[in-house]
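Worksheet: one structure, shown below.
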Amino acid sequence: MNGFVFSSLCSGLKLWGNDTEMDEEQTGDNPAGTVKRWGLPAPLRTSMDSVNMRHTLRWSPLQAPCNTTVLYSVQYQGEFELLVGNGSWVDAADCQQIPHTHCDLTLDLGSDSDYNLQVRAQCDKQLSAWTQLSQPFNRRDTVLTVPAMTVTTEGSNLQVVFQELPLIATVNVIVWKKGAELQSAVYSMPAEQKVLPVPDLQEGAIYCVRSQLVLDSELYSNSTELQCVPITGPETPAWKKPTAVTLTVFITAGVLFALFWSTAHCSADACQGFFQKEPLPQSLKIDWDRKIPVWPQEEEARMEVLNIVQKPKTLPPTVLTALLEDCQPEYHITSDFVH
């Protein structure tokens, strides 16, 4: 209520200032320093662009010669000014004597009531007539565009991120597991939040997301394109992998450098201290002087084998004589030779 009264007082003060200005403009003698009324043609083709609750009044440039920069001023008239203020008009704070052919009225048109809008031109001390918008404007007539949505995963959680949302709108986000559309979950998020976390999802499953803007449960934007992402579950943060590899390389290089340096700069006594020769265990030593005991039976068998190998084999006299006769018949071989 206090804000409404303050707004009304401000509107009344602006209205009083406008009445004073109109009195100066209607002065018939037009003394020096006053503005000549209706010396310029009125601006043409006024229109209102309202997208995502951003309201911009536009008009065409002045089609008349002017030796200086053409300036424009904008006024608006809401239900309060029309019904309580006897049809008064309020100056748009940021759109007085501006060189542009557009005016952002987002902050001025702050209620869901109908507003009349008008604009005029000024060249030096010459003014044009006011040109009004063809029909009243209501911010509920704004056009809601498809929100810019990005879906990412972090472990078993989803993050739905939005950009450039109208502040008084809400976002409906629909999330479901692929193949189970009938079991979807609907989240309603205020526009100023911009990030919607969806925790504790099933690992290994694919989840799909779609969203749309909603204004006062009456005006809806088109839905975003379907975005589906897999849930991979907990994973090592991206920064840990290269860090682990780098540490491994440095540690390995340090150990190798220390080993080679110590080998190259190690003195004989120090090296012997590090590399001592350990004696072999007794069980691995070979005693070449050790005699292996032999049983008597084995000794007799061994001697018989030696006698057989060392004793030359003699042929019977009759066999030897026959062999010699066949080889050399001209010689006579006596029995003495055979024996």
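Labeling convention for the structure tokens: chains A, B, ... as they appear, residues from 1 per chain, ligands from 1 in order of appearance.
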>> Can you tell me, as a ChimeraX atom specification, which residues in range 109-191 of chain A count as helix (DSSP H, G or I) by DSSP?
In response: /A:139-141,181-183
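Looking only at range 78-154 of chain A, the set that DSSP places in strand (DSSP E or B) from backbone geometry is Val90, Asp91, Ile98, His102, Cys103, Asp104, Tyr115, Asn116, Leu117, Gln118, Val119, Arg120, Ala121, Gln122, Cys123, Gln126, Leu127, Ser128, Thr131, Gln132, Phe137, Val143, Ala148, Met149, Thr150, Val151, Thr152, Thr153 and Glu154 of chain A.
Atom to atom, CA of Leu57 in chain A and CA of Gln193 in chain A stand 28.8 Å apart.
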>> One number please: CA of Gln126 in chain A to CA of Val90 in chain A, in Å, one decimal.
In response: 21.1 Å
> Within 10 Å of Gln202 in chain A, counting only C-alpha atoms, which residues qualify if same-chain residues fewer than 4 places away don't, as a VMD selection string?
Replying inline: chain A and resid 156 to 157 177 206 to 207 230 to 233
> Can you tell me how far CA of His100 in chain A sits from CA of Cys123 in chain A, in Å to one decimal?
Replying inline: 13.4 Å
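The shell of residues at most 12 Å from Trp176 in chain A, with only C-alpha atoms counted and near chain neighbours (fewer than 6 positions) removed, consists of Leu158, Leu182, Gln183, Ser184, Ala185, Val186, Tyr187, Val198, Leu201, Gln202, Ala205, Ile206, Tyr207, Cys208, Val209, Arg210, Ser211, Leu226, Gln227, Cys228, Val229 and Pro230 of chain A.
By only C-alpha atoms, and with residues fewer than 5 positions from range 73-82 of chain A along its chain excluded, the set lying at most 8 Å from it is A:Ser8, A:Ser11, A:Gly87, A:Ser88, A:Trp89, A:Val90, A:Asp91, A:Ala92, A:Cys95, A:Gln96, A:Gln97, A:Ile98, A:Cys103, A:Ser113, A:Asp114, A:Tyr115, A:Asn116, A:Leu117, A:Gln118, A:Val119, A:Arg120, A:Ala121.
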>> For Leu105 in chain A, find every residue with an atom within 7 Å (counting only C-alpha atoms), except residues of its own chain fewer than 3 positions away, and show them as a PyMOL selection string.
In response: chain A and resi 55-56+108-109
Keeping only all heavy atoms, write the selected residues as a tab-separated table (two decimals), in the first residue's frame.
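The resulting file, selection36.tsv, is shown below:
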chain	number	residue	atom	x	y	z
A	55	HIS	N	10.15	-4.90	-22.52
A	55	HIS	CA	9.22	-4.13	-23.33
A	55	HIS	C	9.95	-2.94	-23.96
A	55	HIS	O	10.51	-2.09	-23.24
A	55	HIS	CB	8.05	-3.63	-22.48
A	55	HIS	CG	7.57	-4.64	-21.48
A	55	HIS	ND1	7.13	-5.89	-21.84
A	55	HIS	CD2	7.46	-4.57	-20.11
A	55	HIS	CE1	6.77	-6.56	-20.75
A	55	HIS	NE2	6.97	-5.78	-19.69
A	56	THR	N	9.92	-2.86	-25.28
A	56	THR	CA	10.62	-1.79	-26.00
A	56	THR	C	9.66	-1.12	-26.98
A	56	THR	O	9.10	-1.80	-27.87
A	56	THR	CB	11.84	-2.35	-26.76
A	56	THR	OG1	12.70	-3.03	-25.84
A	56	THR	CG2	12.61	-1.22	-27.44
A	108	ASP	N	9.21	0.72	-16.27
A	108	ASP	CA	8.08	1.64	-16.12
A	108	ASP	C	6.75	0.91	-16.14
A	108	ASP	O	5.81	1.29	-15.42
A	108	ASP	CB	8.10	2.70	-17.24
A	108	ASP	CG	9.36	3.54	-17.20
A	108	ASP	OD1	9.50	4.36	-16.28
A	108	ASP	OD2	10.22	3.34	-18.07
A	109	LEU	N	6.63	-0.12	-16.93
A	109	LEU	CA	5.37	-0.86	-17.06
A	109	LEU	C	5.42	-2.04	-16.10
A	109	LEU	O	5.60	-3.18	-16.49
A	109	LEU	CB	5.17	-1.32	-18.50
A	109	LEU	CG	5.38	-0.23	-19.58
A	109	LEU	CD1	5.10	-0.79	-20.95
A	109	LEU	CD2	4.52	0.99	-19.28
